[in-house]
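final.csv, holding CSV, C-alpha atoms and all ligand atoms:
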```csv
chain,number,residue,atom,x,y,z
A,30,MET,CA,75.7,199.6,71.5
A,31,SER,CA,75.5,201.9,68.4
A,32,ASP,CA,73.1,201.0,65.6
A,33,LEU,CA,76.1,200.0,63.5
A,34,SER,CA,77.6,197.7,66.1
A,35,ASN,CA,74.2,196.1,66.7
A,36,PHE,CA,73.8,195.5,63.0
A,37,ILE,CA,77.3,193.9,62.8
A,38,ALA,CA,76.6,191.8,65.9
A,39,GLY,CA,73.4,190.4,64.3
A,40,LEU,CA,74.9,189.6,60.9
A,41,PRO,CA,75.6,185.8,60.5
A,42,LYS,CA,79.2,185.5,59.5
A,43,ALA,CA,81.9,183.0,58.6
A,44,GLU,CA,85.6,183.6,59.7
A,45,LEU,CA,88.2,182.4,57.1
A,46,HIS,CA,91.5,183.8,58.5
A,47,LEU,CA,92.1,182.9,62.1
A,48,HIS,CA,95.2,181.5,63.7
A,49,ILE,CA,94.2,179.5,66.8
A,50,GLU,CA,97.5,180.3,68.5
A,51,GLY,CA,96.6,184.0,68.0
A,52,THR,CA,93.4,183.6,70.1
A,53,LEU,CA,95.5,183.0,73.3
A,54,GLU,CA,94.3,185.8,75.6
A,55,PRO,CA,96.8,187.1,78.2
A,56,GLU,CA,94.6,185.7,81.0
A,57,LEU,CA,94.5,182.2,79.6
A,58,LEU,CA,98.3,182.5,78.8
A,59,PHE,CA,98.9,183.2,82.5
A,60,LYS,CA,96.6,180.4,83.6
A,61,LEU,CA,98.3,177.9,81.4
A,62,ALA,CA,101.8,179.1,82.4
A,63,GLN,CA,100.8,178.4,86.0
A,64,ARG,CA,99.2,175.1,85.3
A,65,ASN,CA,102.2,173.9,83.4
A,66,GLN,CA,104.7,175.6,85.7
A,67,ILE,CA,106.3,177.6,83.0
A,68,PRO,CA,108.1,180.8,84.2
A,69,LEU,CA,107.1,184.0,82.3
A,70,LYS,CA,109.1,187.2,81.7
A,71,TYR,CA,106.1,189.2,82.6
A,72,GLN,CA,104.9,189.8,86.2
A,73,SER,CA,101.2,190.5,85.3
A,74,VAL,CA,98.6,190.4,82.6
A,75,ASP,CA,99.0,194.1,82.3
A,76,GLU,CA,102.7,194.0,81.8
A,77,LEU,CA,102.3,191.4,79.1
A,78,LYS,CA,99.7,193.5,77.3
A,79,GLN,CA,102.2,196.4,77.4
A,80,ALA,CA,104.4,194.3,75.2
A,81,TYR,CA,101.7,194.0,72.5
A,82,ARG,CA,103.0,197.0,70.6
A,83,PHE,CA,104.4,196.1,67.2
A,84,SER,CA,106.3,197.9,64.5
A,85,ASN,CA,105.9,195.1,61.9
A,86,LEU,CA,105.0,191.5,61.3
A,87,GLN,CA,108.3,190.1,62.8
A,88,ASP,CA,107.9,192.0,66.0
A,89,PHE,CA,104.5,190.4,66.5
A,90,LEU,CA,105.7,186.9,65.5
A,91,ASN,CA,108.4,187.0,68.2
A,92,ILE,CA,105.8,187.5,70.9
A,93,TYR,CA,103.3,185.2,69.3
A,94,TYR,CA,105.8,182.3,69.3
A,95,GLU,CA,106.8,183.0,72.8
A,96,GLY,CA,103.2,183.0,73.9
A,97,ALA,CA,102.6,179.6,72.3
A,98,ASN,CA,105.2,178.1,74.6
A,99,VAL,CA,102.6,177.7,77.4
A,100,LEU,CA,100.6,175.3,75.3
A,101,ARG,CA,101.8,171.8,76.3
A,102,GLU,CA,99.0,169.3,76.9
A,103,GLU,CA,96.0,168.3,74.8
A,104,GLN,CA,93.8,170.0,77.4
A,105,ASP,CA,95.6,173.3,76.8
A,106,PHE,CA,94.8,173.1,73.0
A,107,TYR,CA,91.2,172.2,73.9
A,108,ASP,CA,90.8,175.2,76.3
A,109,LEU,CA,92.4,177.6,73.8
A,110,THR,CA,90.1,176.5,71.0
A,111,TRP,CA,87.0,176.3,73.1
A,112,ALA,CA,87.5,179.9,74.4
A,113,TYR,CA,87.6,181.1,70.8
A,114,LEU,CA,84.5,179.1,69.8
A,115,LEU,CA,82.6,180.7,72.7
A,116,LYS,CA,83.6,184.0,71.2
A,117,CYS,CA,82.2,182.8,67.8
A,118,ARG,CA,78.9,182.1,69.5
A,119,GLU,CA,78.9,185.5,71.1
A,120,GLN,CA,79.7,187.3,67.8
A,121,HIS,CA,77.4,185.2,65.6
A,122,VAL,CA,80.2,183.5,63.7
A,123,VAL,CA,78.4,180.3,62.5
A,124,HIS,CA,81.2,178.8,60.6
A,125,THR,CA,85.0,179.1,61.1
A,126,GLU,CA,88.0,177.9,59.1
A,127,ILE,CA,90.9,177.8,61.5
A,128,PHE,CA,94.7,177.8,61.0
A,129,PHE,CA,97.1,176.0,63.3
A,130,ASP,CA,100.9,176.0,63.1
A,131,PRO,CA,102.2,172.4,64.0
A,132,GLN,CA,105.9,173.3,63.6
A,133,THR,CA,105.6,175.9,66.4
A,134,HIS,CA,104.7,173.0,68.7
A,135,THR,CA,106.6,169.9,67.3
A,136,SER,CA,109.8,171.9,67.4
A,137,ARG,CA,109.3,172.1,71.2
A,138,GLY,CA,108.8,168.4,71.5
A,139,ILE,CA,105.0,168.5,71.6
A,140,LEU,CA,103.4,165.7,69.6
A,141,PHE,CA,101.4,166.5,66.5
A,142,ALA,CA,98.7,164.3,68.0
A,143,THR,CA,98.5,166.3,71.2
A,144,VAL,CA,97.9,169.5,69.2
A,145,ILE,CA,95.4,168.2,66.7
A,146,ASN,CA,93.4,166.1,69.2
A,147,GLY,CA,93.0,169.0,71.6
A,148,ILE,CA,91.8,171.4,68.8
A,149,ASN,CA,89.6,168.8,67.1
A,150,HIS,CA,87.8,167.8,70.3
A,151,ALA,CA,86.8,171.4,70.9
A,152,LEU,CA,85.7,171.7,67.2
A,153,GLN,CA,83.5,168.6,67.6
A,154,ASP,CA,82.0,170.0,70.8
A,155,ALA,CA,81.3,173.3,69.1
A,156,HIS,CA,79.5,171.4,66.4
A,157,ASP,CA,77.5,169.4,68.8
A,158,LYS,CA,76.7,171.9,71.5
A,159,LEU,CA,76.9,175.3,69.8
A,160,GLY,CA,75.9,174.4,66.2
A,161,ILE,CA,79.1,176.0,64.8
A,162,SER,CA,80.7,174.3,61.8
A,163,SER,CA,84.4,174.4,61.1
A,164,ARG,CA,87.3,173.3,59.0
A,165,LEU,CA,91.0,173.0,59.9
A,166,ILE,CA,93.9,174.2,57.8
A,167,MET,CA,97.5,173.4,58.7
A,168,CYS,CA,100.0,176.2,58.0
A,169,PHE,CA,103.7,175.7,57.2
A,170,LEU,CA,106.1,178.3,58.8
A,171,ARG,CA,107.7,180.0,55.8
A,172,HIS,CA,110.8,181.1,57.8
A,173,LEU,CA,111.7,177.4,58.2
A,174,ASP,CA,113.1,175.3,55.4
A,175,GLU,CA,111.4,173.1,52.8
A,176,ALA,CA,112.5,169.9,54.6
A,177,SER,CA,110.7,170.9,57.8
A,178,ALA,CA,107.5,171.6,55.9
A,179,PHE,CA,107.8,168.2,54.2
A,180,GLN,CA,108.1,166.7,57.7
A,181,ALA,CA,104.9,168.5,58.9
A,182,LEU,CA,103.1,167.3,55.8
A,183,GLU,CA,104.1,163.8,56.4
A,184,GLN,CA,102.6,164.0,59.9
A,185,ALA,CA,99.4,165.4,58.6
A,186,LEU,CA,98.9,162.4,56.3
A,187,ASP,CA,97.5,160.5,59.3
A,188,TYR,CA,94.9,163.2,59.9
A,189,LYS,CA,93.5,163.7,56.4
A,190,ASP,CA,90.0,163.3,57.8
A,191,LEU,CA,90.5,166.3,60.2
A,192,ILE,CA,92.7,168.6,58.0
A,193,VAL,CA,91.2,170.0,54.8
A,194,GLY,CA,94.0,172.1,53.6
A,195,VAL,CA,97.5,173.5,54.0
A,196,GLY,CA,98.5,177.2,54.2
A,197,LEU,CA,101.6,179.3,54.6
A,198,ASP,CA,102.3,181.9,57.3
A,199,SER,CA,105.0,183.5,59.4
A,200,SER,CA,107.7,186.0,58.1
A,201,GLU,CA,106.7,186.8,54.5
A,202,LYS,CA,109.6,189.0,53.3
A,203,GLY,CA,112.4,187.0,51.8
A,204,ASN,CA,110.3,183.8,52.0
A,205,PRO,CA,108.4,183.7,48.7
A,206,PRO,CA,105.7,181.1,47.9
A,207,SER,CA,108.1,179.6,45.3
A,208,LYS,CA,110.2,178.3,48.3
A,209,PHE,CA,107.4,175.8,49.0
A,210,GLU,CA,106.3,174.9,45.5
A,211,ARG,CA,107.2,171.3,45.8
A,212,VAL,CA,105.7,170.9,49.3
A,213,PHE,CA,102.4,172.3,48.0
A,214,ALA,CA,102.5,170.1,44.9
A,215,LYS,CA,102.8,167.0,47.2
A,216,ALA,CA,100.1,168.4,49.5
A,217,ARG,CA,97.7,168.7,46.5
A,218,GLU,CA,98.6,165.3,45.3
A,219,GLU,CA,97.6,164.0,48.7
A,220,GLY,CA,94.2,165.7,48.4
A,221,PHE,CA,94.8,168.8,50.5
A,222,LEU,CA,93.4,172.2,49.3
A,223,THR,CA,95.9,175.1,49.4
A,224,VAL,CA,95.9,178.7,50.7
A,225,ALA,CA,98.7,181.1,51.5
A,226,HIS,CA,99.4,184.4,53.2
A,227,ALA,CA,100.6,186.7,50.4
A,228,GLY,CA,100.8,190.4,49.9
A,229,GLU,CA,100.6,191.3,53.6
A,230,GLU,CA,104.1,192.8,53.9
A,231,GLY,CA,105.4,191.1,50.8
A,232,PRO,CA,105.1,192.4,47.2
A,233,VAL,CA,102.4,191.7,44.8
A,234,GLU,CA,104.7,189.2,43.0
A,235,TYR,CA,104.2,186.9,46.0
A,236,VAL,CA,100.4,187.0,45.4
A,237,ARG,CA,101.0,186.0,41.8
A,238,GLU,CA,103.3,183.1,42.9
A,239,ALA,CA,100.7,181.9,45.4
A,240,VAL,CA,98.1,181.7,42.6
A,241,ASP,CA,100.3,180.3,39.8
A,242,LEU,CA,102.7,178.1,41.8
A,243,LEU,CA,100.8,177.0,44.9
A,244,LYS,CA,97.4,176.9,43.1
A,245,VAL,CA,95.7,178.5,46.1
A,246,PHE,CA,91.9,178.7,46.3
A,247,ARG,CA,92.2,181.8,48.6
A,248,ILE,CA,94.7,184.4,49.3
A,249,ASP,CA,95.3,185.4,53.0
A,250,HIS,CA,95.5,189.2,53.3
A,251,GLY,CA,96.4,190.0,49.7
A,252,ASN,CA,96.4,193.7,50.3
A,253,ALA,CA,99.2,194.2,47.7
A,254,SER,CA,96.8,192.8,44.9
A,255,ILE,CA,95.6,196.4,44.3
A,256,ASN,CA,99.1,197.1,42.9
A,257,ASP,CA,98.8,194.9,39.8
A,258,GLU,CA,95.9,195.6,37.5
A,259,GLN,CA,96.3,192.3,35.5
A,260,LEU,CA,96.4,190.2,38.7
A,261,ALA,CA,93.3,192.0,40.1
A,262,VAL,CA,91.4,191.3,36.9
A,263,GLU,CA,92.3,187.6,37.3
A,264,LEU,CA,91.3,187.5,40.9
A,265,VAL,CA,87.9,189.0,40.0
A,266,ARG,CA,87.4,186.7,37.1
A,267,ARG,CA,88.2,183.6,39.1
A,268,GLN,CA,86.6,184.9,42.2
A,269,ILE,CA,89.6,184.0,44.3
A,270,PRO,CA,88.8,185.3,47.8
A,271,LEU,CA,91.0,187.6,49.8
A,272,THR,CA,90.8,187.1,53.6
A,273,VAL,CA,91.5,190.7,54.8
A,274,CYS,CA,92.3,191.5,58.4
A,275,PRO,CA,91.9,195.2,59.1
A,276,LEU,CA,92.9,195.4,62.8
A,277,SER,CA,95.9,193.1,62.1
A,278,ASN,CA,97.0,195.4,59.2
A,279,LEU,CA,96.7,198.4,61.5
A,280,ALA,CA,98.6,196.8,64.4
A,281,LEU,CA,101.4,195.5,62.2
A,282,LYS,CA,101.6,198.8,60.3
A,283,VAL,CA,100.8,197.2,56.9
A,284,VAL,CA,98.6,200.3,56.6
A,285,PRO,CA,99.3,203.7,58.2
A,286,ASP,CA,95.7,204.0,59.3
A,287,LEU,CA,92.4,202.3,58.5
A,288,GLU,CA,91.2,205.3,56.4
A,289,ASN,CA,93.9,204.3,54.0
A,290,HIS,CA,93.0,200.6,53.9
A,291,PRO,CA,92.5,199.2,50.4
A,292,LEU,CA,89.4,197.1,51.4
A,293,LYS,CA,86.8,199.3,49.8
A,294,LYS,CA,88.7,199.7,46.6
A,295,LEU,CA,89.2,196.0,46.3
A,296,LEU,CA,85.5,195.4,47.1
A,297,ASP,CA,84.4,198.0,44.5
A,298,ARG,CA,86.7,196.4,41.9
A,299,GLY,CA,84.7,193.2,42.3
A,300,LEU,CA,87.1,191.1,44.3
A,301,LEU,CA,85.7,188.6,46.7
A,302,VAL,CA,86.8,190.4,49.9
A,303,THR,CA,86.2,189.0,53.4
A,304,VAL,CA,86.8,190.5,56.9
A,305,ASN,CA,88.6,188.4,59.5
A,306,SER,CA,90.4,188.8,62.8
A,307,ASP,CA,93.8,186.9,62.2
A,308,ASP,CA,95.2,186.9,65.8
A,309,PRO,CA,92.4,188.6,67.8
A,310,ALA,CA,94.1,188.2,71.2
A,311,TYR,CA,97.1,190.3,70.0
A,312,PHE,CA,95.4,192.8,67.7
A,313,GLY,CA,92.6,194.2,69.8
A,314,GLY,CA,89.5,192.7,68.5
A,315,TYR,CA,87.6,189.7,67.2
A,316,ILE,CA,85.6,189.7,64.0
A,317,ASN,CA,82.9,192.2,65.0
A,318,GLU,CA,85.5,194.7,66.1
A,319,ASN,CA,87.1,194.3,62.7
A,320,TYR,CA,83.9,194.8,60.8
A,321,LEU,CA,83.1,197.9,63.0
A,322,ALA,CA,86.6,199.5,62.7
A,323,ILE,CA,86.8,199.2,58.9
A,324,ALA,CA,83.1,200.2,58.5
A,325,GLU,CA,83.7,203.4,60.4
A,326,ALA,CA,87.0,204.2,58.8
A,327,LEU,CA,85.8,203.7,55.2
A,328,SER,CA,82.2,204.8,55.8
A,329,LEU,CA,80.9,201.4,54.6
A,330,SER,CA,77.2,201.1,54.1
A,331,LYS,CA,75.0,198.3,55.5
A,332,ALA,CA,74.8,197.0,52.0
A,333,ASP,CA,78.7,196.7,52.0
A,334,LEU,CA,78.5,194.9,55.3
A,335,CYS,CA,75.9,192.5,54.0
A,336,LEU,CA,78.1,191.8,50.9
A,337,LEU,CA,81.2,191.2,53.2
A,338,ALA,CA,79.1,188.7,55.2
A,339,LYS,CA,77.9,187.0,52.1
A,340,ASN,CA,81.4,186.8,50.7
A,341,SER,CA,82.5,185.1,53.9
A,342,PHE,CA,80.3,182.2,53.1
A,343,ARG,CA,81.0,182.3,49.3
A,344,GLY,CA,84.7,182.2,50.1
A,345,SER,CA,84.4,179.3,52.5
A,346,LEU,CA,84.8,175.6,52.0
A,347,LEU,CA,81.1,174.9,52.8
A,348,THR,CA,79.2,173.0,50.1
A,349,ALA,CA,77.0,175.0,47.7
A,350,LYS,CA,73.9,173.8,49.6
A,351,GLU,CA,75.3,174.9,52.9
A,352,GLN,CA,76.4,178.2,51.5
A,353,GLU,CA,72.9,178.8,50.1
A,354,LYS,CA,71.4,178.3,53.5
A,355,HIS,CA,73.7,180.8,55.1
A,356,LEU,CA,73.4,183.3,52.2
A,357,ASN,CA,69.6,183.2,52.7
A,358,SER,CA,70.0,183.9,56.4
A,359,VAL,CA,72.2,186.9,55.7
A,360,ASP,CA,69.6,188.1,53.1
A,361,SER,CA,66.8,187.8,55.5
A,362,PHE,CA,68.7,189.6,58.2
A,363,CYS,CA,69.7,192.4,55.8
A,364,ARG,CA,66.1,192.9,54.5
A,365,GLN,CA,64.9,193.9,58.0
A,401,LIG,O1,99.2,187.8,59.9
A,401,LIG,C1,100.1,186.9,59.9
A,401,LIG,N1,101.0,186.8,58.9
A,401,LIG,C2,101.9,185.9,58.9
A,401,LIG,N2,102.0,184.9,59.8
A,401,LIG,C3,101.1,184.9,60.8
A,401,LIG,N3,101.0,184.1,61.9
A,401,LIG,C4,100.0,184.5,62.6
A,401,LIG,N4,99.4,185.6,62.0
A,401,LIG,C5,100.2,185.9,60.9
A,402,ZN,ZN,97.3,185.4,59.3
```

Kindly return the structure encoded in the file as structure tokens.
Amino acid sequence: MSDLSNFIAGLPKAELHLHIEGTLEPELLFKLAQRNQIPLKYQSVDELKQAYRFSNLQDFLNIYYEGANVLREEQDFYDLTWAYLLKCREQHVVHTEIFFDPQTHTSRGILFATVINGINHALQDAHDKLGISSRLIMCFLRHLDEASAFQALEQALDYKDLIVGVGLDSSEKGNPPSKFERVFAKAREEGFLTVAHAGEEGPVEYVREAVDLLKVFRIDHGNASINDEQLAVELVRRQIPLTVCPLSNLALKVVPDLENHPLKKLLDRGLLVTVNSDDPAYFGGYINENYLAIAEALSLSKADLCLLAKNSFRGSLLTAKEQEKHLNSVDSFCRQ
């Protein structure tokens, strides 16, 4: 390993933008298809991997929802989550805030309870056996209507002890945050925190709506924030984190290449930028690969990487005391 990848591997990190369905590796996908006797269009893992070439977000989403079809039983959700948590241990992710998409599963007749119990048991085991802490955030699919989101929210009310917040993902263009203003208002009333994907493929106006209408405490992606000076000033002043996902942006052609990624400009402007993997099984890398790719493309210094790692804890839902502990461990690693 190069000096830089060693350094990144050793940095204690939190992950704040990770779709659990996006960690479904082709090998596990095949194994679950077999276990659940689900026919696949693809003859082999290699053939499936060939299909992982995307021109935009929608291209990816079509394959991602198709992949999720092999998840049927509680054990499937457990195995999926556990495999990701083992990756966390390997990559020194000590805290992770995970998205799941209940509508992807309930629309296929899978019970909400099946999904959340499988995920939650793995998170509990990771806490007990691996010392990894976590939070769970439920995302609404923005291509579906408001009524469907309200239904998902209704089901989440029974699991308030397991779900800390709600988010918004799927096809961004044409599905602005304003479409879900009332659902998010109800979610906040019920005590959920809010986040939203915004400014990935969509315009900067969607970032503004996420902040003003959905009252988000973080923006997922937020690349477009660089296009509005006044908004950027506000994000800096309020230290609203951006959960940036470099390899995702590259794979979905949100940026033409990583050399033109806005991460360093956003960081230098004082935004609370973090690095995350989004859907690592589909985009060619987990968190360390994301740190390495963006560090190489933008010539980030070790001090920049330390700041990104610190931001990952500052932007998390951990308590101030827990954050302090992790910030100290980043500091002591970075002083070496
Ligand atoms: O990056 C993403 N954007 C929108 N929806 C998603 N669902 C999984 N990943 C993504
Ligand atoms: Zn995402």

Give me, as a PDB file with C-alpha atoms, in the frame of the given file, the set of residues whose atoms come within 8 Å of any atom of ligand LIG 401 (chain A), counting all atoms listed in the file.
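part-v8.pdb written:
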```pdb
ATOM      1  CA  LEU A  47      92.100 182.900  62.100  1.00  0.00           C
ATOM      2  CA  HIS A  48      95.200 181.500  63.700  1.00  0.00           C
ATOM      3  CA  GLU A  50      97.500 180.300  68.500  1.00  0.00           C
ATOM      4  CA  GLY A  51      96.600 184.000  68.000  1.00  0.00           C
ATOM      5  CA  LEU A  86     105.000 191.500  61.300  1.00  0.00           C
ATOM      6  CA  LEU A  90     105.700 186.900  65.500  1.00  0.00           C
ATOM      7  CA  TYR A  93     103.300 185.200  69.300  1.00  0.00           C
ATOM      8  CA  LEU A 170     106.100 178.300  58.800  1.00  0.00           C
ATOM      9  CA  LEU A 197     101.600 179.300  54.600  1.00  0.00           C
ATOM     10  CA  ASP A 198     102.300 181.900  57.300  1.00  0.00           C
ATOM     11  CA  SER A 199     105.000 183.500  59.400  1.00  0.00           C
ATOM     12  CA  SER A 200     107.700 186.000  58.100  1.00  0.00           C
ATOM     13  CA  GLU A 201     106.700 186.800  54.500  1.00  0.00           C
ATOM     14  CA  HIS A 226      99.400 184.400  53.200  1.00  0.00           C
ATOM     15  CA  GLU A 229     100.600 191.300  53.600  1.00  0.00           C
ATOM     16  CA  HIS A 250      95.500 189.200  53.300  1.00  0.00           C
ATOM     17  CA  CYS A 274      92.300 191.500  58.400  1.00  0.00           C
ATOM     18  CA  SER A 277      95.900 193.100  62.100  1.00  0.00           C
ATOM     19  CA  ASN A 278      97.000 195.400  59.200  1.00  0.00           C
ATOM     20  CA  ASP A 307      93.800 186.900  62.200  1.00  0.00           C
ATOM     21  CA  ASP A 308      95.200 186.900  65.800  1.00  0.00           C
TER      22      ASP A 308
END
```

Checklist entry - Which value, in Å to one decimal, gives the distance between atom CA of Thr143 of chain A and atom CA of Asn65 of chain A? => result 14.8 Å

Checklist entry - Please, which residues are within 10 Å of (108.5, 183.8, 45.8) by the file's coordinates, counting all atoms listed in the file, and could they come as a ChimeraX atom specification? => result /A:201-210,227,231-232,234-239,242

Next on the checklist: Just want the 10 Å neighbourhood of segment 173-187 of chain A, counted on all atoms listed in the file, with same-chain residues fewer than 6 positions away dropped. Output as an MDAnalysis selection string.
Outcome noted: chainID A and resid 130:132 135:136 140:142 145 167 194:195 197 199:200 204 208:213 215:216 219:221

Checklist entry - Pick the closest to Gly314 of chain A from A:Leu271, A:Leu57, A:Leu337, A:Leu279: which is it, counting only C-alpha atoms? => result A:Leu279

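Here the question is which of A:Leu287, A:Leu347, A:Leu45, A:Ala253 gets nearest to ligand ZN 402 (chain A) using all atoms listed in the file, and that residue is A:Leu45.
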
Next on the checklist: Considering all atoms listed in the file, can you say which of A:Met30, A:Ala310, A:Ala112, A:Ile269 comes closest to Leu77 of chain A?
Outcome noted: A:Ala310

Item to check | Surrounding residues of Asp105 of chain A excluding itself and chain neighbours under 3 positions, 10 Å, all atoms listed in the file, as number ranges by chain | outcome: A: 57-58, 60-61, 64-65, 99-102, 108-111, 143-144, 147-148

Write the residues of the preceding selection, restricted to C-alpha atoms, as a PDB file, keeping the file's coordinate frame.
```pdb
ATOM      1  CA  LEU A  57      94.500 182.200  79.600  1.00  0.00           C
ATOM      2  CA  LEU A  58      98.300 182.500  78.800  1.00  0.00           C
ATOM      3  CA  LYS A  60      96.600 180.400  83.600  1.00  0.00           C
ATOM      4  CA  LEU A  61      98.300 177.900  81.400  1.00  0.00           C
ATOM      5  CA  ARG A  64      99.200 175.100  85.300  1.00  0.00           C
ATOM      6  CA  ASN A  65     102.200 173.900  83.400  1.00  0.00           C
ATOM      7  CA  VAL A  99     102.600 177.700  77.400  1.00  0.00           C
ATOM      8  CA  LEU A 100     100.600 175.300  75.300  1.00  0.00           C
ATOM      9  CA  ARG A 101     101.800 171.800  76.300  1.00  0.00           C
ATOM     10  CA  GLU A 102      99.000 169.300  76.900  1.00  0.00           C
ATOM     11  CA  ASP A 108      90.800 175.200  76.300  1.00  0.00           C
ATOM     12  CA  LEU A 109      92.400 177.600  73.800  1.00  0.00           C
ATOM     13  CA  THR A 110      90.100 176.500  71.000  1.00  0.00           C
ATOM     14  CA  TRP A 111      87.000 176.300  73.100  1.00  0.00           C
ATOM     15  CA  THR A 143      98.500 166.300  71.200  1.00  0.00           C
ATOM     16  CA  VAL A 144      97.900 169.500  69.200  1.00  0.00           C
ATOM     17  CA  GLY A 147      93.000 169.000  71.600  1.00  0.00           C
ATOM     18  CA  ILE A 148      91.800 171.400  68.800  1.00  0.00           C
TER      19      ILE A 148
END
```
